[in-house]
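Asker: Encoded as structure tokens, here's the structure I'll be asking about.
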Amino acid sequence: MHTPFHDMDAYLDLPRCSGLRLSPDGSRLITTVATLNAKRTQYRNAVWQVDPTGERPARRLTRSRKGESSAVFTDAGDVLFTSARPDPDADEDEDGPAALWLLPSDGGDARLINSRLGGFEQIVSHADVLLASAQRLPAAGDEGDENRLRKERKDRHVSAILHTSYPVRHWDHDTGPGAVHLLSGRLPADDSPTAATLELRDLTPDALPHQIEQFDLSPDGTFAVLPWTIIGRAGERRSTLVRLDLGDGAVRTLVDDPDADAGQPLISPDGTQVLWHRDSLTSPERPPHLELQVLDLSSGTSRRVADGWDRWPSAQAWLPDGSGVVLTADSSGRSPVFLLDLETDMVTQVTGDDATFTDPQVSSDGRWAYALRTSYLAPSEVVRIDLQAHRHTARPIASELLQNPAPAPALPGGLTEVEATAEDGTTIRGWLALPDGVSADEPAPLLLWIHGGPLSSWNAWSWRWCPWLLVAKGYAVLMPDPALSTGYGEAFIARGWSRWGAEPFTDLMAITDAVAARPDIDQTRTAAMGGSFGGYMANWVAGQTDRFRAIVTHASLWALDQFGPTTDHAYYWQREVSDAMVRDYSPHHNVERIRTPMLVVHGDKDYRVPIGE
């Protein structure tokens with residue numbers, strides 16, 4: 001059977017769904033779908049509406065040459081989004097950064113409500129109040145100054161950036177010239193031809209670069225809670241938790257723990273509590289430890305919740321009555337939906353799908369949860385989950401697929417789960433993608449694909465790391481979770497902490513041995529591949545064994561002593577990469593032992609793993 005994975009152009013043509021929001025009245029879901037533009041040079045986003053009942057087909061809401069993103073609902077049900085589409089009321093069609101648009105709930109065209117030359121990043125709205133993160137130049141005193149200075153830089157073709165704090169890069173780009181600030185304003189009251197535009201006020205005029213990354217707005221629109229990064233000597237950083245008053249801009253510290261970062265705040269529906277993550281600072285001897293905490297805003301006290309639940313939550317949504325929280329977390333090669341009951345402090349697994357769930361949303365009556373569901377069988381699709389049925393059965397249930405704008409493509413093979421026993425008796429598991437028609441008579445060559453992170457798991461569809469492209473060429477693809485992988489408890493991570501070349505390596509070899517012994521696998525034709533930390537491990541494998549016929553190492557770590565100080569966030573890696581770790585587990589020490597042909601792939605703008613590697 002010919003599938004989109006047999007042809008790269010067909011693969012790139014597949015639409016890609018991301019992000020999910022539920023309207024306040026529960027009648028509409030919106031998601032973003034990316035498709036190739038007419039020139040096939042880049043992806044263009046559009047906002048789509050999905051019926052929460054599953055009765056009506058998905059409907060496209062926006063369409064423009066520039067595309068739309070960051071869509072959220074207002075309390076009135078209007079849709080706010082950002083787009084670089086031209087202003088229809090402007091005299092000239094001039095390219096610019098993403099501006100803020102409002103699409104009325106009762107239909108009609110979207111209208112521009114604010115355009116600033118620094119653009120917008122995240123946006124949220126409650127009680128007719130908008131809160132947005134956006135770049136602001138350090139010399140700008142107000143929004144007028146900001147636009148004037150940005151225009152001068154553009155007109156004079158100035159690209160220079162003055163860095164006054166560390167870091168200066170992130171992933172694939174230089175940061176600056178501005179810093180992220182929080183801007184607030186009241187949404188226009190009507191959509192008449194004379195309706196005013198949104199006036200924005202800077203609530204954080206003294207913000208430094210990299211100080212603000214997340215935030216949440218209270219339901220009444222009067223305050224925000226956000227992590228506030230403290231930048232210390234030698235670039236060391238940690239995050240406190242602060243309350244920001246939108247009326248007078250006053251900032252009050254809620255949590256300041258010298259031994260941990262505070263992050264991912266989520267304000268309760270009644271505005272009295274904040275769910276947040278306490279993430280301990282690491283050291284070469286101490287792996288990370290993550291706790292869920294609930295902060296009482298009236299008393300200022302915080303208590304740990306879900307004590308004894310050995311998983312790391314990745315996303316959460318409050319139940320409307322504040323009695324509990326819907327969570328997602330990696331678990332054994334999946335990332336199910338969980339339900340935390342704050343009265344009993346019990347966590348139960350809600351979904352039983354072999355899948356990963358993201359972007360959880362809860363209906364106003366608490367009956368339904370909605371999410372994006374993905375696995376190696378399908379990219380992200382919108383589903384609904386019957387929380388009431390789960391409560392009645394007290395068992396994991398299957399999610400229900402809604403009518404999506406991007407149906408799952410046909411696959412060139414099947415997926416099976418595999419396990420092996422490590423040297424210390426630990427069970428190592430993974431996914432094995434097999435081509436159609438493979439058998440003992442026609443065994444497939446095996447590719448060991450090592451995930452990055454390293455604190456990660458093979459549990460969700462990836463457009464960048466898609467095994468089906470290789471399966472379509474006849475390869476069996478093994479995607480294992482060795483030591484350091486998430487979803488198996490903190491002890492599983494501790495097995496490999498600061499020991500990258502020890503248990504993570506022997507775990508990989510144990511599960512490769514088990515899979516290579518299958519009759520439908522040709523153990524004489526095996527290869528290994530990985531990117532980032534997976535690339536580190538590919539390099540390490542090359543220096544430890546010649547069992548593979550070929551190795552592909554992508555964006556990989558080679559010399560740990562040079563990687564640590566040159567990566568974009570060196571302060572983080574210096575907490576783990578010790579002199580002993582460089583001595584014992586840096587791949588470059590084993591260069592003379594490499595006998596396997598290797599393909600090295602890297603990019604000049606990979607600042608996480610710089611080109612020097």
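Scheme for the structure tokens: letters A, B, ... for chains in order shown; per-chain residue numbers from 1; ligand numbers from 1 in order shown.
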Identify, on the basis of only C-alpha atoms, every residue whose closest approach to Ala555 of chain A does not exceed 6 Å; exclude the query and any residue fewer than 3 positions from it along the same chain; express the result as a list in words.
Answerer: Gly531, Ser532 and His602 of chain A
Asker: Write out the residues from the selection above, keeping all heavy atoms, as a short mmCIF file (atom, residue, chain, number, x, y, z; two decimals), in the first residue's frame.
Answerer:
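So again-v4.cif came out as:
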data_model
loop_
_atom_site.label_atom_id
_atom_site.label_comp_id
_atom_site.auth_asym_id
_atom_site.auth_seq_id
_atom_site.Cartn_x
_atom_site.Cartn_y
_atom_site.Cartn_z
N GLY A 531 19.55 12.16 17.86
CA GLY A 531 19.78 13.59 17.77
C GLY A 531 19.85 14.22 19.14
O GLY A 531 19.20 13.77 20.08
N SER A 532 20.68 15.27 19.28
CA SER A 532 20.88 15.97 20.55
C SER A 532 21.47 14.99 21.58
O SER A 532 22.53 14.44 21.33
CB SER A 532 19.56 16.58 21.02
OG SER A 532 19.79 17.50 22.06
N HIS A 602 24.78 18.33 11.32
CA HIS A 602 24.67 19.41 12.30
C HIS A 602 24.23 20.69 11.60
O HIS A 602 24.21 20.75 10.37
CB HIS A 602 26.02 19.63 13.00
CG HIS A 602 25.89 20.03 14.44
ND1 HIS A 602 26.05 19.14 15.48
CD2 HIS A 602 25.58 21.21 15.01
CE1 HIS A 602 25.87 19.77 16.63
NE2 HIS A 602 25.59 21.03 16.36
#
Asker: For the contact check between segment 357-388 of chain A and segment 45-56 of chain A, emit one row per residue of segment 357-388 of chain A within 12 Å, containing the shortest atom pair and the distance in Å rounded to one decimal, counting only C-alpha atoms, chain then rising number order, as CSV.
Answerer:
residue,atom,partner,partner_atom,distance
A:Gln361,CA,A:Pro52,CA,11.0
A:Val362,CA,A:Pro52,CA,11.1
A:Ser363,CA,A:Pro52,CA,9.7
A:Trp368,CA,A:Pro52,CA,9.3
A:Ala369,CA,A:Pro52,CA,9.8
A:Tyr370,CA,A:Pro52,CA,8.0
A:Ala371,CA,A:Pro52,CA,10.7
A:Leu372,CA,A:Val50,CA,11.7
A:Glu381,CA,A:Val50,CA,10.5
A:Val382,CA,A:Val50,CA,7.9
A:Val383,CA,A:Pro52,CA,8.4
A:Arg384,CA,A:Pro52,CA,7.3
A:Ile385,CA,A:Pro52,CA,10.5
A:Asp386,CA,A:Thr53,CA,11.5
Asker: Would you write out those residues with all heavy atoms, as a tab-separated table (two decimals), in the first residue's frame?
Answerer:
chain	number	residue	atom	x	y	z
A	361	GLN	N	-8.54	20.60	28.40
A	361	GLN	CA	-9.57	21.63	28.65
A	361	GLN	C	-10.74	20.94	29.34
A	361	GLN	O	-11.06	19.80	29.02
A	361	GLN	CB	-10.06	22.24	27.33
A	361	GLN	CG	-8.96	22.74	26.40
A	361	GLN	CD	-8.34	24.03	26.86
A	361	GLN	OE1	-9.03	25.03	27.05
A	361	GLN	NE2	-7.03	24.03	27.06
A	362	VAL	N	-11.39	21.62	30.29
A	362	VAL	CA	-12.49	21.03	31.04
A	362	VAL	C	-13.74	21.87	30.85
A	362	VAL	O	-13.71	23.10	30.94
A	362	VAL	CB	-12.15	20.93	32.55
A	362	VAL	CG1	-13.31	20.28	33.31
A	362	VAL	CG2	-10.87	20.13	32.76
A	363	SER	N	-14.88	21.21	30.58
A	363	SER	CA	-16.14	21.91	30.38
A	363	SER	C	-16.61	22.57	31.68
A	363	SER	O	-16.23	22.17	32.78
A	363	SER	CB	-17.22	20.94	29.87
A	363	SER	OG	-17.47	19.92	30.83
A	368	TRP	N	-16.98	16.93	30.96
A	368	TRP	CA	-16.11	16.53	29.86
A	368	TRP	C	-14.72	17.16	29.99
A	368	TRP	O	-14.58	18.28	30.46
A	368	TRP	CB	-16.69	16.97	28.51
A	368	TRP	CG	-18.04	16.41	28.22
A	368	TRP	CD1	-19.25	17.05	28.36
A	368	TRP	CD2	-18.35	15.08	27.76
A	368	TRP	NE1	-20.27	16.22	28.00
A	368	TRP	CE2	-19.76	15.00	27.63
A	368	TRP	CE3	-17.59	13.98	27.43
A	368	TRP	CZ2	-20.40	13.85	27.19
A	368	TRP	CZ3	-18.22	12.83	26.99
A	368	TRP	CH2	-19.61	12.78	26.88
A	369	ALA	N	-13.74	16.42	29.56
A	369	ALA	CA	-12.41	16.97	29.31
A	369	ALA	C	-12.14	16.83	27.82
A	369	ALA	O	-12.58	15.86	27.18
A	369	ALA	CB	-11.34	16.25	30.12
A	370	TYR	N	-11.44	17.79	27.26
A	370	TYR	CA	-11.05	17.76	25.85
A	370	TYR	C	-9.53	17.89	25.79
A	370	TYR	O	-8.90	18.51	26.66
A	370	TYR	CB	-11.70	18.91	25.07
A	370	TYR	CG	-13.20	18.89	25.15
A	370	TYR	CD1	-13.87	19.60	26.15
A	370	TYR	CD2	-13.97	18.17	24.25
A	370	TYR	CE1	-15.26	19.58	26.25
A	370	TYR	CE2	-15.36	18.15	24.34
A	370	TYR	CZ	-15.99	18.86	25.34
A	370	TYR	OH	-17.36	18.83	25.43
A	371	ALA	N	-8.93	17.29	24.78
A	371	ALA	CA	-7.47	17.31	24.66
A	371	ALA	C	-7.08	16.97	23.24
A	371	ALA	O	-7.90	16.52	22.43
A	371	ALA	CB	-6.85	16.31	25.65
A	372	LEU	N	-5.81	17.19	22.94
A	372	LEU	CA	-5.21	16.64	21.74
A	372	LEU	C	-4.61	15.29	22.10
A	372	LEU	O	-3.89	15.17	23.09
A	372	LEU	CB	-4.13	17.57	21.19
A	372	LEU	CG	-4.59	18.91	20.62
A	372	LEU	CD1	-3.40	19.72	20.14
A	372	LEU	CD2	-5.58	18.71	19.48
A	381	GLU	N	-4.85	14.80	17.34
A	381	GLU	CA	-6.26	14.87	16.96
A	381	GLU	C	-7.07	15.28	18.19
A	381	GLU	O	-6.73	14.93	19.32
A	381	GLU	CB	-6.76	13.51	16.47
A	381	GLU	CG	-6.05	13.00	15.23
A	381	GLU	CD	-6.50	11.60	14.86
A	381	GLU	OE1	-6.20	10.66	15.62
A	381	GLU	OE2	-7.15	11.44	13.81
A	382	VAL	N	-8.17	16.00	17.96
A	382	VAL	CA	-9.00	16.48	19.07
A	382	VAL	C	-9.92	15.36	19.54
A	382	VAL	O	-10.62	14.72	18.74
A	382	VAL	CB	-9.83	17.70	18.64
A	382	VAL	CG1	-10.60	18.27	19.84
A	382	VAL	CG2	-8.93	18.78	18.04
A	383	VAL	N	-9.92	15.13	20.86
A	383	VAL	CA	-10.77	14.09	21.45
A	383	VAL	C	-11.50	14.67	22.66
A	383	VAL	O	-11.13	15.71	23.20
A	383	VAL	CB	-9.94	12.86	21.89
A	383	VAL	CG1	-9.26	12.21	20.70
A	383	VAL	CG2	-8.91	13.25	22.95
A	384	ARG	N	-12.55	13.94	23.07
A	384	ARG	CA	-13.18	14.29	24.34
A	384	ARG	C	-13.17	13.07	25.26
A	384	ARG	O	-13.14	11.92	24.80
A	384	ARG	CB	-14.60	14.82	24.14
A	384	ARG	CG	-15.66	13.80	23.81
A	384	ARG	CD	-17.05	14.47	23.84
A	384	ARG	NE	-18.09	13.51	23.49
A	384	ARG	CZ	-19.39	13.81	23.45
A	384	ARG	NH1	-19.79	15.03	23.74
A	384	ARG	NH2	-20.28	12.89	23.12
A	385	ILE	N	-13.19	13.36	26.55
A	385	ILE	CA	-13.05	12.32	27.58
A	385	ILE	C	-14.17	12.50	28.58
A	385	ILE	O	-14.39	13.61	29.11
A	385	ILE	CB	-11.68	12.46	28.28
A	385	ILE	CG1	-10.54	12.37	27.26
A	385	ILE	CG2	-11.53	11.42	29.37
A	385	ILE	CD1	-9.32	13.16	27.62
A	386	ASP	N	-14.89	11.44	28.85
A	386	ASP	CA	-16.05	11.48	29.76
A	386	ASP	C	-15.57	11.32	31.20
A	386	ASP	O	-15.37	10.20	31.68
A	386	ASP	CB	-17.03	10.37	29.38
A	386	ASP	CG	-18.38	10.54	30.06
A	386	ASP	OD1	-18.45	11.21	31.11
A	386	ASP	OD2	-19.38	9.99	29.54
Asker: What does the distance from atom CA of Ser335 of chain A to atom CA of Ser375 of chain A come to in Å, to one decimal?
Answerer: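 Atom CA of Ser375 of chain A lies at a distance of 9.3 Å from atom CA of Ser335 of chain A.
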Asker: Could you give me the residues within segment 122-346 of chain A that DSSP places in strand (DSSP E or B), as JSON, numbers by chain?
Answerer: {"A": [123, 124, 125, 126, 129, 130, 131, 132, 133, 134, 135, 136, 169, 170, 173, 174, 179, 180, 181, 182, 183, 184, 185, 186, 201, 202, 216, 217, 223, 224, 225, 226, 227, 228, 229, 230, 231, 237, 238, 239, 240, 241, 242, 243, 244, 245, 251, 252, 253, 254, 255, 260, 261, 262, 263, 264, 265, 266, 267, 273, 274, 275, 276, 277, 278, 279, 280, 290, 291, 292, 293, 294, 295, 296, 302, 303, 304, 305, 313, 314, 315, 316, 317, 318, 324, 325, 326, 327, 328, 329, 331, 334, 335, 337, 338, 339, 340, 341, 346]}
Asker: Could the residues of segment 61-80 of chain A that have an atom at most 8 Å from segment 108-131 of chain A be listed as a tab-separated table, each with its closest atom pair and the distance in Å to one decimal, counting only C-alpha atoms and ordered by chain and ascending residue number?
Answerer:
residue	atom	partner	partner_atom	distance
A:Ser70	CA	A:Gln122	CA	6.7
A:Val72	CA	A:Val124	CA	6.6
A:Phe73	CA	A:Ser125	CA	7.2
A:Thr74	CA	A:Ser125	CA	5.4
A:Asp75	CA	A:His126	CA	5.8
Asker: Any idea what's packed within 7 Å of Gly535 of chain A, counting only C-alpha atoms, ignoring anything in its chain fewer than 6 positions away? Could you give it as a ChimeraX atom specification?
Answerer: /A:553-557
Asker: Enumerate the residues of segment 252-453 of chain A with a DSSP assignment of helix (DSSP H, G or I), computed from the backbone, and present them as a list in words.
Answerer: Leu387, Gln388, Ala389, His390, Arg391, His392 and Thr393 of chain A
Asker: Of the residues A:Ala440, A:Ile267, A:Ala139, A:Ile428, which is the one nearest to Met479 of chain A, using only C-alpha atoms?
Answerer: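 So, comparing all the options, the nearest one is A:Ile428.
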Asker: What is the atom CA of Val471 of chain A to atom CA of Leu432 of chain A distance in Å?
Answerer: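 That distance, rounded to one decimal, is 10.2 Å.
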Asker: Might you pull out every residue within 10 Å of Leu327 of chain A, with only C-alpha atoms counted and same-chain residues fewer than 2 positions away left off, and present them as number ranges by chain?
Answerer: A: 312-318, 324-325, 329, 335-340, 347-350, 357-360
